[in-house]
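Okay, structure first, notes after.
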Amino acid sequence: MTKPRLSELFDHRQFILFWLARLAGMLAQQMLMVAVAWQMYDLTGSAWDLGLVGLFQFVPALLLTLPAGHLVDRWRRGRIFGTCLLIQGAIALLLVLATQGSFVSRELILGLSVLLGACRAFQMPTQQALVPMLVPPRLLERAVTLSSSGMQAAIICGPALGGLLYTQGAAWVYGTSAGLLLAACGLMLAVHDAQQATREKTTLSSVLAGVTFVWQNKLLLGATSLDLFAVLLGGATALLPIYARDILHTGPQGLGLLRAAPAAGALLMSLLLLRWPIQRKVGRWLIGSVAVFGLATVVFGLSEHFGLSLLALAITGAVDNISVVMRMTLVQLETPNEIRGRVSAVNSIFIGASNQLGEFESGATAALFGPVGSVLTGGLGTLLVAAAWVRIFPALAKRDRMQA
C-alpha cells in the first residue's frame, strides 16, 4: 500500500469546509479569550477573578460533556457544531453591546463564561468525532495533523489580532469575533456528514459507555490522563495578563504575542510532523514531550525577559502539539464510530475542561504564592507526573507504533 500524501486531503471537500469552519471559529475564540481576560483584569485587577473566568467555564463543561457526547452519537454532528458556533457568535455580539453601552461588568463576564463553557461542552466532542467521518482511515493521521496545524495558525493570529484590536477598544475585538463565528456557522451548513440516527436506548449505561471504554483501555487512559495533569499543573495561560503587565512590563499587544507564542511553536511542530511523522517509540515521545513541557514552564516562570519568555512558551506549544497529535490519533484509531462521540467527550473532560480548571488553579495559587510561585509549582509538578506515568502505565511507555 502506498503512503498517503497530504495533497489527497484536499480531494475531500467536506473535510476542507469543516477545516475552514474550525479555523474561523478558533480564530474568533482566541480573540475573545484575549479581550475577556484583559477586560476582566482592567475591571478588577484581581488574579482571583482571572481564575474564576476559567472556573465558570469548567463547571458547565464538566457537568454537560458526557451527556453531550451521547447526543453527538445520536444526532447530526455537523449541525451540533454549527449551532455551537452560532451561540458563541451571539455571546460576542452581546459583549459588543455591553461594552459600547458601558454596562459590562465582572458579573456579566462570569455569566457569559458559564454559557461559553456549556457551548464548548458540545463543540469539543463533536469536532473530534467528525474528522473520521469526513476522511478515509488511511488519511486520518494526516487529517489530525493538518487540523492541528490550522488550529495553531488561528491561535497565533487570534491573540495577536485581538491584542491589536483591543488598543482600539474591546468592542472591536468582540465585533470581529462575532463576524467570524457567524461565517464559520455558514460554512458548516454546507458540511453533510454520513451519520445515521442511532436506535440505541438512552440509559445511564449508554451515556457512560465512553467512560467504560477509556477505563478498560489502559493505553488511552494513560495518554489522556497524562495530558490532563500536564495542562492542569503546567498551564500558565490565565496568568499571562499579570506577567505581561507586572513582570514583563508590556501591554495588550505584548499579551497577544505571549498568548500566540505556544501556538507558534505548535504550528512549527505540526509542519515538521506532516513532513516527518513519528512512526516508532510513540510512547516515549508522548511522555518525553510532557516532561519537556514542564521544564519549559519552569523557565517561563523564572524569566523576566520578554524574548526568553516567548521562547519558553513556544517550546511548551511545540512539545504539547506532539502530545495532541499522538493522543487524538490513538483515540480515533481505537474507538468504534458508534461510540466515538462519547469517547471524545471523555477526552474533552480530560483535556478541554482541564484548561479551565487549570486557569482556576493558576489564579488560586497565584493569589496565595504570587504568579511566579504558581508557575514554578505547576512546572515542577508536571515533571513529577511524567516520571510517575512511566511506572503507572508501562504499556503506554513501551508503545512502539501508532497502530498496534
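Ordering of the C-alpha cells sets the chain letters (A, B, ...), residue numbers begin anew at 1 in every chain, and ligands are numbered from 1 in the order given.
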Filtered DSSP result for stretch 32-253 of chain A, state helix (DSSP H, G or I), as a PDB file with C-alpha atoms, in the first residue's frame:
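Output contents, as saved in part.pdb:
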ATOM      1  CA  LEU A  32     -12.455  36.529  22.666  1.00  0.00           C
ATOM      2  CA  MET A  33     -10.140  34.978  25.255  1.00  0.00           C
ATOM      3  CA  VAL A  34      -7.656  37.859  24.976  1.00  0.00           C
ATOM      4  CA  ALA A  35     -10.359  40.517  25.223  1.00  0.00           C
ATOM      5  CA  VAL A  36     -12.261  38.901  28.098  1.00  0.00           C
ATOM      6  CA  ALA A  37      -9.086  38.299  30.131  1.00  0.00           C
ATOM      7  CA  TRP A  38      -7.749  41.814  29.632  1.00  0.00           C
ATOM      8  CA  GLN A  39     -11.134  43.431  30.255  1.00  0.00           C
ATOM      9  CA  MET A  40     -11.647  41.435  33.447  1.00  0.00           C
ATOM     10  CA  TYR A  41      -8.206  42.428  34.731  1.00  0.00           C
ATOM     11  CA  ASP A  42      -8.896  46.062  33.802  1.00  0.00           C
ATOM     12  CA  LEU A  43     -12.183  45.928  35.715  1.00  0.00           C
ATOM     13  CA  THR A  44     -10.968  44.220  38.889  1.00  0.00           C
ATOM     14  CA  ALA A  47      -5.749  37.315  39.854  1.00  0.00           C
ATOM     15  CA  TRP A  48      -8.604  35.547  41.639  1.00  0.00           C
ATOM     16  CA  ASP A  49     -11.150  36.910  39.170  1.00  0.00           C
ATOM     17  CA  LEU A  50      -8.991  35.778  36.244  1.00  0.00           C
ATOM     18  CA  GLY A  51      -9.084  32.298  37.766  1.00  0.00           C
ATOM     19  CA  LEU A  52     -12.858  32.494  38.208  1.00  0.00           C
ATOM     20  CA  VAL A  53     -13.301  33.044  34.456  1.00  0.00           C
ATOM     21  CA  GLY A  54     -11.741  29.629  33.961  1.00  0.00           C
ATOM     22  CA  LEU A  55     -13.729  28.014  36.768  1.00  0.00           C
ATOM     23  CA  PHE A  56     -17.040  29.343  35.465  1.00  0.00           C
ATOM     24  CA  GLN A  57     -16.307  27.717  32.112  1.00  0.00           C
ATOM     25  CA  PHE A  58     -15.095  24.489  33.677  1.00  0.00           C
ATOM     26  CA  VAL A  59     -18.167  23.672  35.786  1.00  0.00           C
ATOM     27  CA  PRO A  60     -20.748  23.512  32.948  1.00  0.00           C
ATOM     28  CA  ALA A  61     -18.219  21.748  30.734  1.00  0.00           C
ATOM     29  CA  LEU A  62     -17.725  19.112  33.421  1.00  0.00           C
ATOM     30  CA  LEU A  63     -21.453  18.639  34.016  1.00  0.00           C
ATOM     31  CA  LEU A  64     -22.578  18.596  30.378  1.00  0.00           C
ATOM     32  CA  THR A  65     -19.803  16.924  28.387  1.00  0.00           C
ATOM     33  CA  LEU A  66     -20.816  13.289  28.994  1.00  0.00           C
ATOM     34  CA  PRO A  67     -24.495  13.905  28.064  1.00  0.00           C
ATOM     35  CA  ALA A  68     -23.223  15.952  25.114  1.00  0.00           C
ATOM     36  CA  GLY A  69     -21.123  13.021  23.925  1.00  0.00           C
ATOM     37  CA  HIS A  70     -24.211  10.809  23.939  1.00  0.00           C
ATOM     38  CA  LEU A  71     -26.124  13.351  21.847  1.00  0.00           C
ATOM     39  CA  VAL A  72     -23.181  13.619  19.447  1.00  0.00           C
ATOM     40  CA  ASP A  73     -23.560   9.885  18.755  1.00  0.00           C
ATOM     41  CA  ARG A  74     -27.328  10.264  18.206  1.00  0.00           C
ATOM     42  CA  ARG A  77     -22.627  16.106  14.275  1.00  0.00           C
ATOM     43  CA  GLY A  78     -22.264  18.873  11.708  1.00  0.00           C
ATOM     44  CA  ARG A  79     -25.472  20.557  12.867  1.00  0.00           C
ATOM     45  CA  ILE A  80     -24.390  20.406  16.507  1.00  0.00           C
ATOM     46  CA  PHE A  81     -21.073  22.027  15.693  1.00  0.00           C
ATOM     47  CA  GLY A  82     -22.744  24.769  13.643  1.00  0.00           C
ATOM     48  CA  THR A  83     -25.167  25.546  16.479  1.00  0.00           C
ATOM     49  CA  CYS A  84     -22.285  25.896  18.937  1.00  0.00           C
ATOM     50  CA  LEU A  85     -20.634  28.430  16.647  1.00  0.00           C
ATOM     51  CA  LEU A  86     -23.892  30.364  16.311  1.00  0.00           C
ATOM     52  CA  ILE A  87     -24.364  30.631  20.087  1.00  0.00           C
ATOM     53  CA  GLN A  88     -20.809  31.869  20.604  1.00  0.00           C
ATOM     54  CA  GLY A  89     -21.384  34.467  17.904  1.00  0.00           C
ATOM     55  CA  ALA A  90     -24.442  35.709  19.794  1.00  0.00           C
ATOM     56  CA  ILE A  91     -22.369  35.945  23.007  1.00  0.00           C
ATOM     57  CA  ALA A  92     -19.773  38.050  21.187  1.00  0.00           C
ATOM     58  CA  LEU A  93     -22.498  40.387  19.914  1.00  0.00           C
ATOM     59  CA  LEU A  94     -23.840  40.782  23.459  1.00  0.00           C
ATOM     60  CA  LEU A  95     -20.360  41.754  24.638  1.00  0.00           C
ATOM     61  CA  VAL A  96     -20.244  44.401  21.898  1.00  0.00           C
ATOM     62  CA  LEU A  97     -23.476  45.913  23.190  1.00  0.00           C
ATOM     63  CA  ALA A  98     -22.365  45.686  26.815  1.00  0.00           C
ATOM     64  CA  THR A  99     -19.038  47.383  26.107  1.00  0.00           C
ATOM     65  CA  GLN A 100     -20.498  50.154  23.995  1.00  0.00           C
ATOM     66  CA  ARG A 106     -17.481  41.340  36.413  1.00  0.00           C
ATOM     67  CA  GLU A 107     -20.799  39.530  36.881  1.00  0.00           C
ATOM     68  CA  LEU A 108     -21.718  39.726  33.184  1.00  0.00           C
ATOM     69  CA  ILE A 109     -18.332  38.321  32.114  1.00  0.00           C
ATOM     70  CA  LEU A 110     -18.638  35.458  34.595  1.00  0.00           C
ATOM     71  CA  GLY A 111     -22.207  34.742  33.493  1.00  0.00           C
ATOM     72  CA  LEU A 112     -21.221  34.595  29.825  1.00  0.00           C
ATOM     73  CA  SER A 113     -18.288  32.380  30.783  1.00  0.00           C
ATOM     74  CA  VAL A 114     -20.840  29.833  32.005  1.00  0.00           C
ATOM     75  CA  LEU A 115     -22.574  29.915  28.610  1.00  0.00           C
ATOM     76  CA  LEU A 116     -19.265  29.554  26.780  1.00  0.00           C
ATOM     77  CA  GLY A 117     -18.373  26.542  28.912  1.00  0.00           C
ATOM     78  CA  ALA A 118     -21.741  24.915  28.217  1.00  0.00           C
ATOM     79  CA  CYS A 119     -21.399  25.549  24.495  1.00  0.00           C
ATOM     80  CA  ARG A 120     -17.901  24.119  24.304  1.00  0.00           C
ATOM     81  CA  ALA A 121     -19.054  21.019  26.173  1.00  0.00           C
ATOM     82  CA  PHE A 122     -20.879  20.136  22.946  1.00  0.00           C
ATOM     83  CA  GLN A 123     -18.373  21.597  20.496  1.00  0.00           C
ATOM     84  CA  MET A 124     -15.260  19.703  21.577  1.00  0.00           C
ATOM     85  CA  PRO A 125     -16.519  16.101  21.283  1.00  0.00           C
ATOM     86  CA  THR A 126     -18.402  16.995  18.108  1.00  0.00           C
ATOM     87  CA  GLN A 127     -15.413  18.346  16.205  1.00  0.00           C
ATOM     88  CA  GLN A 128     -13.233  15.425  17.332  1.00  0.00           C
ATOM     89  CA  ALA A 129     -15.777  12.809  16.270  1.00  0.00           C
ATOM     90  CA  LEU A 130     -16.464  14.493  12.912  1.00  0.00           C
ATOM     91  CA  VAL A 131     -12.981  14.122  11.411  1.00  0.00           C
ATOM     92  CA  PRO A 132     -13.046  10.301  10.924  1.00  0.00           C
ATOM     93  CA  MET A 133     -16.399  10.653   9.124  1.00  0.00           C
ATOM     94  CA  LEU A 134     -15.013  13.071   6.540  1.00  0.00           C
ATOM     95  CA  PRO A 137      -8.999   5.795   7.724  1.00  0.00           C
ATOM     96  CA  ARG A 138      -5.741   5.819   5.773  1.00  0.00           C
ATOM     97  CA  LEU A 139      -5.779   9.640   5.818  1.00  0.00           C
ATOM     98  CA  LEU A 140      -6.814  10.041   9.449  1.00  0.00           C
ATOM     99  CA  GLU A 141      -3.380  10.740  10.923  1.00  0.00           C
ATOM    100  CA  ARG A 142      -2.666  13.300   8.218  1.00  0.00           C
ATOM    101  CA  ALA A 143      -6.087  14.887   8.792  1.00  0.00           C
ATOM    102  CA  VAL A 144      -5.482  15.172  12.537  1.00  0.00           C
ATOM    103  CA  THR A 145      -2.088  16.769  11.951  1.00  0.00           C
ATOM    104  CA  LEU A 146      -3.440  19.185   9.322  1.00  0.00           C
ATOM    105  CA  SER A 147      -6.296  20.120  11.656  1.00  0.00           C
ATOM    106  CA  SER A 148      -3.780  20.817  14.382  1.00  0.00           C
ATOM    107  CA  SER A 149      -1.727  22.979  12.009  1.00  0.00           C
ATOM    108  CA  GLY A 150      -4.748  25.050  11.049  1.00  0.00           C
ATOM    109  CA  MET A 151      -5.896  25.463  14.619  1.00  0.00           C
ATOM    110  CA  GLN A 152      -2.445  26.534  15.756  1.00  0.00           C
ATOM    111  CA  ALA A 153      -2.271  29.074  12.930  1.00  0.00           C
ATOM    112  CA  ALA A 154      -5.569  30.503  14.182  1.00  0.00           C
ATOM    113  CA  ILE A 155      -4.273  30.551  17.743  1.00  0.00           C
ATOM    114  CA  ILE A 156      -1.232  32.531  16.581  1.00  0.00           C
ATOM    115  CA  CYS A 157      -3.248  35.086  14.631  1.00  0.00           C
ATOM    116  CA  GLY A 158      -6.160  35.291  17.077  1.00  0.00           C
ATOM    117  CA  PRO A 159      -4.361  36.594  20.183  1.00  0.00           C
ATOM    118  CA  ALA A 160      -2.100  38.888  18.146  1.00  0.00           C
ATOM    119  CA  LEU A 161      -5.070  40.332  16.242  1.00  0.00           C
ATOM    120  CA  GLY A 162      -7.110  40.505  19.437  1.00  0.00           C
ATOM    121  CA  GLY A 163      -4.369  42.436  21.233  1.00  0.00           C
ATOM    122  CA  LEU A 164      -4.019  44.817  18.280  1.00  0.00           C
ATOM    123  CA  LEU A 165      -7.758  45.456  18.032  1.00  0.00           C
ATOM    124  CA  TYR A 166      -8.061  45.867  21.798  1.00  0.00           C
ATOM    125  CA  ALA A 170     -12.821  45.825  23.395  1.00  0.00           C
ATOM    126  CA  ALA A 171     -15.883  46.230  21.173  1.00  0.00           C
ATOM    127  CA  TRP A 172     -13.684  45.927  18.073  1.00  0.00           C
ATOM    128  CA  VAL A 173     -12.464  42.532  19.249  1.00  0.00           C
ATOM    129  CA  TYR A 174     -15.936  41.282  20.104  1.00  0.00           C
ATOM    130  CA  GLY A 175     -17.456  42.522  16.835  1.00  0.00           C
ATOM    131  CA  THR A 176     -14.763  40.880  14.695  1.00  0.00           C
ATOM    132  CA  SER A 177     -15.151  37.645  16.656  1.00  0.00           C
ATOM    133  CA  ALA A 178     -18.899  37.661  16.107  1.00  0.00           C
ATOM    134  CA  GLY A 179     -18.467  38.044  12.356  1.00  0.00           C
ATOM    135  CA  LEU A 180     -16.000  35.155  12.154  1.00  0.00           C
ATOM    136  CA  LEU A 181     -18.195  32.855  14.243  1.00  0.00           C
ATOM    137  CA  LEU A 182     -21.255  33.536  12.094  1.00  0.00           C
ATOM    138  CA  ALA A 183     -19.207  32.919   8.937  1.00  0.00           C
ATOM    139  CA  ALA A 184     -17.986  29.615  10.389  1.00  0.00           C
ATOM    140  CA  CYS A 185     -21.576  28.644  11.127  1.00  0.00           C
ATOM    141  CA  GLY A 186     -22.446  29.320   7.481  1.00  0.00           C
ATOM    142  CA  LEU A 187     -19.630  27.041   6.303  1.00  0.00           C
ATOM    143  CA  MET A 188     -20.915  24.229   8.486  1.00  0.00           C
ATOM    144  CA  LEU A 204     -27.115   5.502  32.241  1.00  0.00           C
ATOM    145  CA  SER A 205     -25.004   2.704  30.811  1.00  0.00           C
ATOM    146  CA  SER A 206     -25.156   4.141  27.286  1.00  0.00           C
ATOM    147  CA  VAL A 207     -24.301   7.654  28.499  1.00  0.00           C
ATOM    148  CA  ALA A 209     -20.157   3.968  27.542  1.00  0.00           C
ATOM    149  CA  GLY A 210     -17.276   6.281  26.699  1.00  0.00           C
ATOM    150  CA  VAL A 211     -16.057   6.275  30.297  1.00  0.00           C
ATOM    151  CA  THR A 212     -16.203   2.480  30.378  1.00  0.00           C
ATOM    152  CA  PHE A 213     -14.311   2.174  27.102  1.00  0.00           C
ATOM    153  CA  VAL A 214     -11.494   4.509  28.163  1.00  0.00           C
ATOM    154  CA  TRP A 215     -11.222   2.899  31.618  1.00  0.00           C
ATOM    155  CA  GLN A 216     -10.851  -0.550  30.097  1.00  0.00           C
ATOM    156  CA  LYS A 218      -5.343   1.470  29.739  1.00  0.00           C
ATOM    157  CA  LEU A 219      -3.395   2.898  26.812  1.00  0.00           C
ATOM    158  CA  LEU A 220      -6.000   5.599  26.208  1.00  0.00           C
ATOM    159  CA  LEU A 221      -6.477   6.140  29.944  1.00  0.00           C
ATOM    160  CA  GLY A 222      -2.771   6.748  30.399  1.00  0.00           C
ATOM    161  CA  ALA A 223      -2.468   9.067  27.397  1.00  0.00           C
ATOM    162  CA  THR A 224      -5.471  11.230  28.249  1.00  0.00           C
ATOM    163  CA  SER A 225      -4.796  11.427  31.986  1.00  0.00           C
ATOM    164  CA  LEU A 226      -1.151  12.354  31.323  1.00  0.00           C
ATOM    165  CA  ASP A 227      -2.228  15.361  29.298  1.00  0.00           C
ATOM    166  CA  LEU A 228      -4.870  16.208  31.908  1.00  0.00           C
ATOM    167  CA  PHE A 229      -2.286  16.645  34.651  1.00  0.00           C
ATOM    168  CA  ALA A 230       0.140  18.438  32.340  1.00  0.00           C
ATOM    169  CA  VAL A 231      -2.488  21.051  31.441  1.00  0.00           C
ATOM    170  CA  LEU A 232      -3.844  21.253  34.990  1.00  0.00           C
ATOM    171  CA  LEU A 233      -0.445  21.811  36.598  1.00  0.00           C
ATOM    172  CA  GLY A 234       1.715  23.299  33.880  1.00  0.00           C
ATOM    173  CA  THR A 237      -2.349  30.910  30.371  1.00  0.00           C
ATOM    174  CA  ALA A 238      -4.592  32.518  32.980  1.00  0.00           C
ATOM    175  CA  LEU A 239      -1.652  34.425  34.437  1.00  0.00           C
ATOM    176  CA  LEU A 240      -0.383  35.902  31.174  1.00  0.00           C
ATOM    177  CA  PRO A 241      -2.133  39.276  31.764  1.00  0.00           C
ATOM    178  CA  ILE A 242      -0.245  39.539  35.081  1.00  0.00           C
ATOM    179  CA  TYR A 243       3.062  38.539  33.505  1.00  0.00           C
ATOM    180  CA  ALA A 244       2.509  40.923  30.604  1.00  0.00           C
ATOM    181  CA  ARG A 245       1.725  43.975  32.717  1.00  0.00           C
ATOM    182  CA  ASP A 246       3.519  43.478  36.040  1.00  0.00           C
ATOM    183  CA  ILE A 247       6.560  41.276  35.284  1.00  0.00           C
ATOM    184  CA  PRO A 252      -2.238  44.325  25.217  1.00  0.00           C
ATOM    185  CA  GLN A 253      -0.092  43.739  22.133  1.00  0.00           C
TER     186      GLN A 253
END
message: Between atom CA of A:Leu272 and atom CA of A:Gly358, what is the distance in Å, rounded to a tenth?
response: 28.4 Å
- prompt: Quick one, how far is atom CA of A:Ser362 from atom CA of A:Gly254?
  reply: 20.1 Å
message: Need to verify the contact set: stretch 372-374 of chain A, 8 Å, only C-alpha atoms, exclusion of same-chain residues closer than 4 positions in sequence. Can you return it as a ChimeraX atom specification?
response: /A:301-302,362,365-366,378
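In this structure, atom CA of A:Asn347 sits 9.4 Å away from atom CA of A:Arg327.
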task: Find, counting only C-alpha atoms, the residue in A:Leu310, A:Leu286, A:Leu396, A:Ile315 that gets nearest to A:Leu255.
output: A:Leu310
